[in-house]
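Q: Below: one structure in structure tokens.
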2 protein chains.
Amino acid sequence: MSAAESGANKIFIGLLGYGTVGSNVYNLIQDQAVEIAQATGATIVIKKILVRDITVPRQDAPAGLFTDNFGDILDDADITVVVELIGGIEPAFDYITSALEKGKAVVTANKQLLSQQGFYLFRLAREKETQIRFEASVAGAIPVIRVLRESMVAADLTSVYGIVNGTTNYILTEMRRTGAKYQDALANAQEWGYAEADPTEDINGNDAAAKMAILASMAFHTAVVLDDVACIGIEHISALDISYARNLDLTIKLLGVAKLYDNKINVRVYPALLKKDHPLASVSGAYNAVFLKGNSIDEIMLSGPGAGGMETASAVVSDIVSIIARGTPGVLEDIAAWRELEFFPDDEVVSKFYLRLEVEDEPGVLATIAQVFGDHDVSVESVIQQGRGAHAELVMVFHPVKEASFREALEKIGELPVVKSIPRPIRVEGDGYEQ
Amino acid sequence: MSAAESGANKIFIGLLGYGTVGSNVYNLIQDQAVEIAQATGATIVIKKILVRDITVPRQDAPAGLFTDNFGDILDDADITVVVELIGGIEPAFDYITSALEKGKAVVTANKQLLSQQGFYLFRLAREKETQIRFEASVAGAIPVIRVLRESMVAADLTSVYGIVNGTTNYILTEMRRTGAKYQDALANAQEWGYAEADPTEDINGNDAAAKMAILASMAFHTAVVLDDVACIGIEHISALDISYARNLDLTIKLLGVAKLYDNKINVRVYPALLKKDHPLASVSGAYNAVFLKGNSIDEIMLSGPGAGGMETASAVVSDIVSIIARGTPGVLEDIAAWRELEFFPDDEVVSKFYLRLEVEDEPGVLATIAQVFGDHDVSVESVIQQGRGAHAELVMVFHPVKEASFREALEKIGELPVVKSIPRPIRVEGDGYEQ
């Protein structure tokens, strides 16, 4: 008789939220009951599910499981694991804190919360000698959190970077593939379910920034919160940029980059132009990919679909299994090893830039502009000038330069009467100087 | 005062072997002492190192650590973790067995041994309530073993495949890049340290087969040994095949493929032609990449450099850290969940094939050959005929077909007087029908 059949060892779960991920978690636990029982020696039983309105009919889970009162879960001594899938800061923070205070283990997919209160929650879990696990908060079923926490202790990591937002990657892929404008590609992504009705957090880079805060914290053992992450979204990327990029054999991707410079940390999210043979250039559609580099490892990449309902559920269940299987709480080691790294200022980061300028189409304009860049020690690598009737378009790529110098030069350029508009510059990566 | 400084909790290691990996492990443990102490609360101390001849002078480790007598390590009650890095079956099997019998934990990078005696060793570790860990046995620093063991319990995996031998991938990449012959590419790989002086095990696919046996065992929780893996190497791949492949926009890679067909398992290693946009087509040089697919996960890829000395050492140290950090022995769960899957016969696998034939250059030859294939229900997708003086070359690609049918047709073709030679056919993958 298997453990599943005997039911000798049952682990009772309280589920907070029953949307797509919640119902997938419910079904996955039923479908994989035998495998889970064999792997852990225990049967997982979802005992209660918190929803806002228990009168709404729901699929799969029996009506008797639902409650609209968190106290029913918190005060149930049988429930030893709370799975938080409601998202947002409150009441999720209150629920998780209360659960940890009572010594219950927590599994969460809540990147917003972790990117703001992660360190507090990790320390609380440690104090209460319980666990908090959050694989599903970053990159869906790609087990990057586990790999960072458990396989990289001796790797001496120096950078973690990649594509961590599937929605924007889908939009950028569509813009490149079809030449579509940003708004049309976004509408298409919404139609296919790759973007939410309100995609603001994806588009402005905040979703990626939250994930990078979590990844950077785990990789470098230092508290990085959302506010520490400088963030540029993809709203200003035009079909024209995509088209110029294609001509230059480059692809635009929204990157998250966390890096150590002389043991100081810098974490940022920004669109970047990548050469076609850069390994991230071929990560297309809603896929995510994360690179890990360190002094003892050359470069490891993990990639896979971003957070789909089933992938996220699979990551949540694997966290539940880990909680059951482990005697030693998983996160304790991490917190014990945390340090307080200084931040490396964004201004000091050396980057290569692409810039598209609209200028008057008259003699000497290029010379004037080149002169201003030269005065600021900003060196031009290549330039394309294209007449467009009364005005001209300049597409310039610069040699690596400190951001502060480049920004100062841009301010001066903006003051020139011949310059009609300066769209936001885009970083160029992948020449090997920057990683 | 840190744990490292206090030395309150020391973990004593016995190292078997002091080659490239062994000395890197030694140095990494010294260099990362603080991080390891913070992560585990313990200091790792390498107490003894087994070598064949203690009179040979060695770098880094003090001479007093070396011994040529395994008993010095086995009988040292302080030593709780034995790290086996000597490779091969004997005496490694004897050493590991003895260590486990005494309740010592074992870390090993020995794929040959694991692919033949893995199940026995896992069971022994379980009986003795200790652990055996072996991340470094497959794919260097890419933590695929950990991900399979710990993140995929709910993923319901159906296939694991990829490029798991860096030497052959380097050779095939060079052949494609430079048009070099196999022998020249091999010599180049040896010169650059990507192939050993005796590369037989890499070239004939046995190294990849051993790794696939281990991966398949972990992915499907069933004992797969080296002999269960059908294996074709790259010895017969000619510069001509590479050149035709390039014309067809295909790339040749040595693949390891483990798959479930109706809950029966099939594990194989073979060279395959991949379309240029197949994600494995761009894995070049000595890199490895492993794909995981399941019913709850669409597709996850892990990639990185194959086994370099530093990467392998990093994987070994992460295994040591896991052994120290975990209360629950890691492998026990796996073994408890193991089942006995039947094997799916190679003959029944449906594949697409590429075939290059040398034939007499006379009228009706193509018709004769096409007739024989048609008689065996083997359907031609495309054919190129090229005259080469007295004879002609036929390059044919076939629609997906059962291997048994294809082999029968090939036997008949071989009996035709107009056929001068039939080099080994090569599978074509990536049309989506096969994964």
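Order determines the names: the first chain of the structure tokens is A, the second B, and so forth; residues in each chain are numbered 1 upward, and ligands are numbered 1 upward as they are shown.
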Would you kindly report the residues of chain B within 7 Å of chain A, using only C-alpha atoms, as a ChimeraX atom specification?
A: /B:32,35-36,38-40,141-143,147,151-155,296-305,310-311,314,317-318,326-328,333-334,336-337
Q: Using the selection just defined, write its residues with N, CA and C atoms as a CSV table (one decimal), in the first residue's frame.
A:
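This went into selection.csv:
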```csv
chain,number,residue,atom,x,y,z
B,32,GLN,N,36.4,30.0,-1.4
B,32,GLN,CA,35.0,30.3,-1.1
B,32,GLN,C,34.7,29.9,0.4
B,35,GLU,N,32.0,32.2,2.1
B,35,GLU,CA,30.7,32.0,1.6
B,35,GLU,C,30.1,30.6,2.0
B,36,ILE,N,30.9,29.6,1.9
B,36,ILE,CA,30.5,28.3,2.3
B,36,ILE,C,30.1,28.2,3.8
B,38,GLN,N,29.1,30.7,5.7
B,38,GLN,CA,27.9,31.5,5.9
B,38,GLN,C,26.7,30.7,5.4
B,39,ALA,N,26.9,30.0,4.3
B,39,ALA,CA,25.7,29.3,3.7
B,39,ALA,C,25.4,28.0,4.5
B,40,THR,N,26.4,27.4,5.1
B,40,THR,CA,26.1,26.1,5.7
B,40,THR,C,26.3,26.1,7.3
B,141,ALA,N,28.8,22.4,-15.0
B,141,ALA,CA,28.1,23.3,-14.0
B,141,ALA,C,26.7,23.5,-14.2
B,142,ILE,N,26.1,23.0,-15.3
B,142,ILE,CA,24.7,23.2,-15.5
B,142,ILE,C,23.9,22.3,-14.5
B,143,PRO,N,23.1,22.8,-13.7
B,143,PRO,CA,22.6,22.0,-12.5
B,143,PRO,C,21.4,21.2,-12.9
B,147,VAL,N,17.9,20.1,-10.8
B,147,VAL,CA,16.6,20.5,-11.3
B,147,VAL,C,15.7,19.3,-11.6
B,151,SER,N,13.0,20.0,-8.9
B,151,SER,CA,12.0,20.9,-9.4
B,151,SER,C,11.0,20.3,-10.3
B,152,MET,N,11.1,19.0,-10.6
B,152,MET,CA,10.3,18.5,-11.7
B,152,MET,C,9.3,17.4,-11.2
B,153,VAL,N,9.1,17.3,-9.9
B,153,VAL,CA,8.2,16.3,-9.3
B,153,VAL,C,6.8,16.4,-9.9
B,154,ALA,N,6.4,17.7,-10.1
B,154,ALA,CA,5.0,17.9,-10.6
B,154,ALA,C,5.0,18.1,-12.1
B,155,ALA,N,6.1,18.0,-12.7
B,155,ALA,CA,6.2,18.4,-14.2
B,155,ALA,C,5.7,17.3,-15.1
B,296,SER,N,3.2,19.2,-17.7
B,296,SER,CA,2.8,20.5,-17.0
B,296,SER,C,3.8,21.6,-17.3
B,297,ILE,N,4.9,21.3,-18.1
B,297,ILE,CA,5.8,22.3,-18.5
B,297,ILE,C,6.0,22.2,-20.0
B,298,ASP,N,6.0,23.3,-20.7
B,298,ASP,CA,6.1,23.3,-22.1
B,298,ASP,C,7.5,22.9,-22.6
B,299,GLU,N,8.5,23.6,-22.1
B,299,GLU,CA,9.8,23.2,-22.5
B,299,GLU,C,10.8,24.1,-21.7
B,300,ILE,N,11.7,23.5,-21.0
B,300,ILE,CA,12.7,24.3,-20.3
B,300,ILE,C,14.1,23.9,-20.9
B,301,MET,N,15.0,24.9,-21.1
B,301,MET,CA,16.3,24.5,-21.6
B,301,MET,C,17.3,25.0,-20.5
B,302,LEU,N,18.3,24.2,-20.3
B,302,LEU,CA,19.5,24.6,-19.5
B,302,LEU,C,20.7,24.5,-20.4
B,303,SER,N,21.5,25.5,-20.4
B,303,SER,CA,22.7,25.4,-21.2
B,303,SER,C,23.9,26.0,-20.6
B,304,GLY,N,25.1,25.7,-21.0
B,304,GLY,CA,26.3,26.2,-20.5
B,304,GLY,C,27.5,25.4,-21.0
B,305,PRO,N,28.7,25.8,-20.5
B,305,PRO,CA,29.8,25.1,-21.0
B,305,PRO,C,29.8,23.7,-20.5
B,310,MET,N,37.0,23.9,-14.0
B,310,MET,CA,36.5,24.8,-13.0
B,310,MET,C,35.0,24.6,-12.8
B,311,GLU,N,34.3,24.4,-13.9
B,311,GLU,CA,32.8,24.1,-13.8
B,311,GLU,C,32.5,22.8,-13.1
B,314,SER,N,33.1,23.4,-9.5
B,314,SER,CA,32.0,24.2,-8.9
B,314,SER,C,30.8,23.3,-8.6
B,317,VAL,N,31.6,21.1,-5.5
B,317,VAL,CA,31.5,21.9,-4.2
B,317,VAL,C,30.0,22.2,-3.9
B,318,SER,N,29.2,22.4,-4.9
B,318,SER,CA,27.8,22.7,-4.6
B,318,SER,C,27.1,21.4,-4.1
B,326,ARG,N,21.6,19.9,4.2
B,326,ARG,CA,20.3,19.2,4.2
B,326,ARG,C,20.2,18.2,5.4
B,327,GLY,N,19.2,18.3,6.1
B,327,GLY,CA,18.9,17.3,7.1
B,327,GLY,C,18.5,16.0,6.4
B,328,THR,N,17.6,16.2,5.5
B,328,THR,CA,17.0,15.0,4.7
B,328,THR,C,18.0,14.6,3.7
B,333,GLU,N,14.2,10.3,-1.5
B,333,GLU,CA,12.9,10.4,-2.1
B,333,GLU,C,12.9,9.8,-3.5
B,334,ASP,N,14.0,10.0,-4.3
B,334,ASP,CA,14.0,9.6,-5.7
B,334,ASP,C,13.7,8.1,-5.7
B,336,ALA,N,12.6,6.0,-3.6
B,336,ALA,CA,11.3,5.6,-3.1
B,336,ALA,C,10.3,5.7,-4.2
B,337,ALA,N,10.5,6.6,-5.1
B,337,ALA,CA,9.5,6.8,-6.1
B,337,ALA,C,9.8,6.1,-7.4
```
Q: Please return, as a PyMOL selection string, all residues of region 55-184 of chain A that DSSP assigns to helix (DSSP H, G or I) on the basis of the backbone.
A: chain A and resi 63-65+70-74+92-101+111-127+135-137+144-150+166-178+182-184
Q: List the neighbours of region 69-83 of chain B out to 6 Å using only C-alpha atoms; skip same-chain residues closer than 3 positions along the sequence, and give me the result as a PyMOL selection string.
A: chain B and resi 12-16+104-108
Q: Between A:Val359, A:Ala195, A:Ala213, A:Ile171, which residue has the minimum interatomic distance to Ile234 (chain A), considering only C-alpha atoms?
A: A:Ile171
Q: Taking the backbone alone, and naming residues the way the document does, which bits of region 389-428 of chain B are strand (DSSP E) by DSSP, as a PyMOL selection string?
A: chain B and resi 391-398+401-402+419-421+426-428
